[in-house]
Every structure is written in C-alpha cells, then in structure tokens.
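File shown: run-v8.cif. Contents: mmCIF, C-alpha atoms.
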```cif
data_input
loop_
_atom_site.label_atom_id
_atom_site.label_comp_id
_atom_site.auth_asym_id
_atom_site.auth_seq_id
_atom_site.Cartn_x
_atom_site.Cartn_y
_atom_site.Cartn_z
CA MET A 1 12.45 -13.38 11.03
CA LYS A 2 14.39 -10.97 8.87
CA ASN A 3 14.74 -7.34 10.02
CA VAL A 4 11.62 -7.38 12.24
CA GLU A 5 11.50 -6.46 15.92
CA MET A 6 8.24 -6.81 17.85
CA LYS A 7 7.51 -5.56 21.35
CA LEU A 8 4.35 -5.98 23.38
CA GLU A 9 3.53 -3.40 26.07
CA GLY A 10 0.19 -4.16 27.67
CA ASN A 11 -2.22 -4.46 24.75
CA ILE A 12 -0.10 -2.46 22.29
CA MET A 13 2.31 -4.22 19.92
CA THR A 14 5.05 -2.19 18.28
CA ILE A 15 6.77 -3.44 15.12
CA LYS A 16 10.15 -2.02 14.12
CA VAL A 17 11.63 -2.46 10.60
CA ASP A 18 14.78 -0.82 9.20
CA ILE A 19 13.63 0.14 5.68
CA THR A 20 17.23 0.74 4.52
CA LYS A 21 18.05 -2.99 4.60
CA GLU A 22 17.54 -5.41 1.71
CA PHE A 23 17.59 -9.21 1.66
CA GLY A 24 17.58 -9.84 -2.07
CA PRO A 25 14.83 -10.74 -4.51
CA SER A 26 11.59 -12.49 -3.61
CA SER A 27 10.99 -15.99 -4.90
CA SER A 28 9.10 -14.57 -7.90
CA GLY A 29 11.92 -12.13 -8.60
CA LYS A 30 9.52 -9.19 -8.96
CA THR A 31 10.33 -7.48 -5.65
CA ILE A 32 13.20 -6.91 -3.20
CA ILE A 33 12.60 -8.15 0.35
CA ILE A 34 13.13 -5.55 3.10
CA ALA A 35 11.67 -7.48 6.06
CA SER A 36 9.64 -10.61 6.71
CA THR A 37 8.33 -12.79 9.50
CA GLU A 38 8.80 -15.63 6.97
CA GLY A 39 5.28 -16.91 7.49
CA ASN A 40 2.74 -16.58 10.29
CA ILE A 41 4.19 -16.51 13.80
CA SER A 42 2.85 -15.96 17.32
CA ILE A 43 3.30 -12.48 18.73
CA PRO A 44 5.47 -12.11 21.87
CA GLU A 45 3.81 -13.44 25.03
CA ARG A 46 0.47 -14.18 23.25
CA ASP A 47 0.63 -17.55 21.49
CA GLU A 48 -3.03 -17.38 20.45
CA ILE A 49 -2.45 -14.27 18.28
CA LYS A 50 -0.56 -14.62 15.00
CA ILE A 51 1.09 -12.16 12.61
CA GLY A 52 2.41 -12.50 9.07
CA LEU A 53 4.43 -9.55 7.80
CA ASN A 54 6.17 -8.86 4.48
CA VAL A 55 7.81 -5.53 3.63
CA TYR A 56 9.12 -5.19 0.08
CA LYS A 57 9.73 -2.81 -2.81
CA LYS A 58 9.54 -3.10 -6.57
CA LYS A 59 12.69 -4.27 -8.30
#
```

Target encoding structure tokens, full file:
Amino acid sequence: MKNVEMKLEGNIMTIKVDITKEFGPSSSGKTIIIASTEGNISIPERDEIKIGLNVYKKK
C-alpha cells in the first residue's frame, strides 16, 4: 500500500490518506497518484471483506 492507513474498530473502518503526498504519474500518465492499495486487499482482521482504493489528481 502507498499512503493508506486502515483501522477497524468494531464494525467501523477508518481510512487515513495524506493528500499532500504524491507518488508520481499513473501508468497511463494522465493522473498523479496520491494513495493506493495497489489492487484489492483484505481489510484488517476481516479476510472475507476486500477493499480497492485509488486516490489521484489530474496531471
């Protein structure tokens, strides 16, 4: 994961992303990556639930 923090408290998942960070251009080159799970991943402590997150901005 890049710039993504996830926390599970009971049945509430909190996702934290620092929107001031940048990780360069996307593979298409059209956007700048801010955060990514880099595909679908299991959420903390609940393997049966998946998340896929991409945060980006226009170039």

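CA of Ile12 (chain A) is found 16.8 Å from CA of Leu53 (chain A).
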
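The protein and nucleic acid residues lying at most 9 Å from Ile34 (chain A) are Lys2, Asn3, Val17, Asp18, Ile19, Thr20, Lys21, Glu22, Phe23, Gly24, Asn54, Val55, Tyr56 and Lys57 of chain A, with only C-alpha atoms considered and sequence neighbours fewer than 3 positions away removed.
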
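In this model, the gap between CA of Met1 (chain A) and CA of Glu48 (chain A) comes to 18.6 Å.
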
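Nearest to Lys30 (chain A) of all the residues A:Lys50, A:Pro44, A:Lys58, A:Asn11 is A:Lys58, counting all atoms listed in the file.
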
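Shortest atom-to-atom contact with Thr14 (chain A) among A:Ile32, A:Lys59, A:Ile43, A:Ser26: A:Ile43, counting all atoms listed in the file.
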
Q: Pick out the closest residue to Glu9 (chain A) from this set: A:Ile41, A:Pro25, A:Ser36, A:Arg46. Count only C-alpha atoms.
A: A:Arg46

Translate the PyMOL selection byres ((chain A and resi 6) around 8) into a concrete residue list for this structure, as a JSON list (two decimals) with C-alpha atoms, keeping the file's coordinate frame.
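The result, written out as expr_6.json:
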```
[["chain", "number", "residue", "atom", "x", "y", "z"],
["A", 4, "VAL", "CA", 11.62, -7.38, 12.24],
["A", 5, "GLU", "CA", 11.50, -6.46, 15.92],
["A", 7, "LYS", "CA", 7.51, -5.56, 21.35],
["A", 8, "LEU", "CA", 4.35, -5.98, 23.38],
["A", 13, "MET", "CA", 2.31, -4.22, 19.92],
["A", 14, "THR", "CA", 5.05, -2.19, 18.28],
["A", 15, "ILE", "CA", 6.77, -3.44, 15.12],
["A", 16, "LYS", "CA", 10.15, -2.02, 14.12],
["A", 43, "ILE", "CA", 3.30, -12.48, 18.73],
["A", 44, "PRO", "CA", 5.47, -12.11, 21.87]]
```

Could you give me the centre and size, in Å to one decimal, of an axis-aligned box around all listed atoms of region 27-45 of chain A with 4 Å added on every side, as JSON?
```
{"center_x": 8.0, "center_y": -11.2, "center_z": 8.0, "size_x": 18.5, "size_y": 19.4, "size_z": 42.0}
```
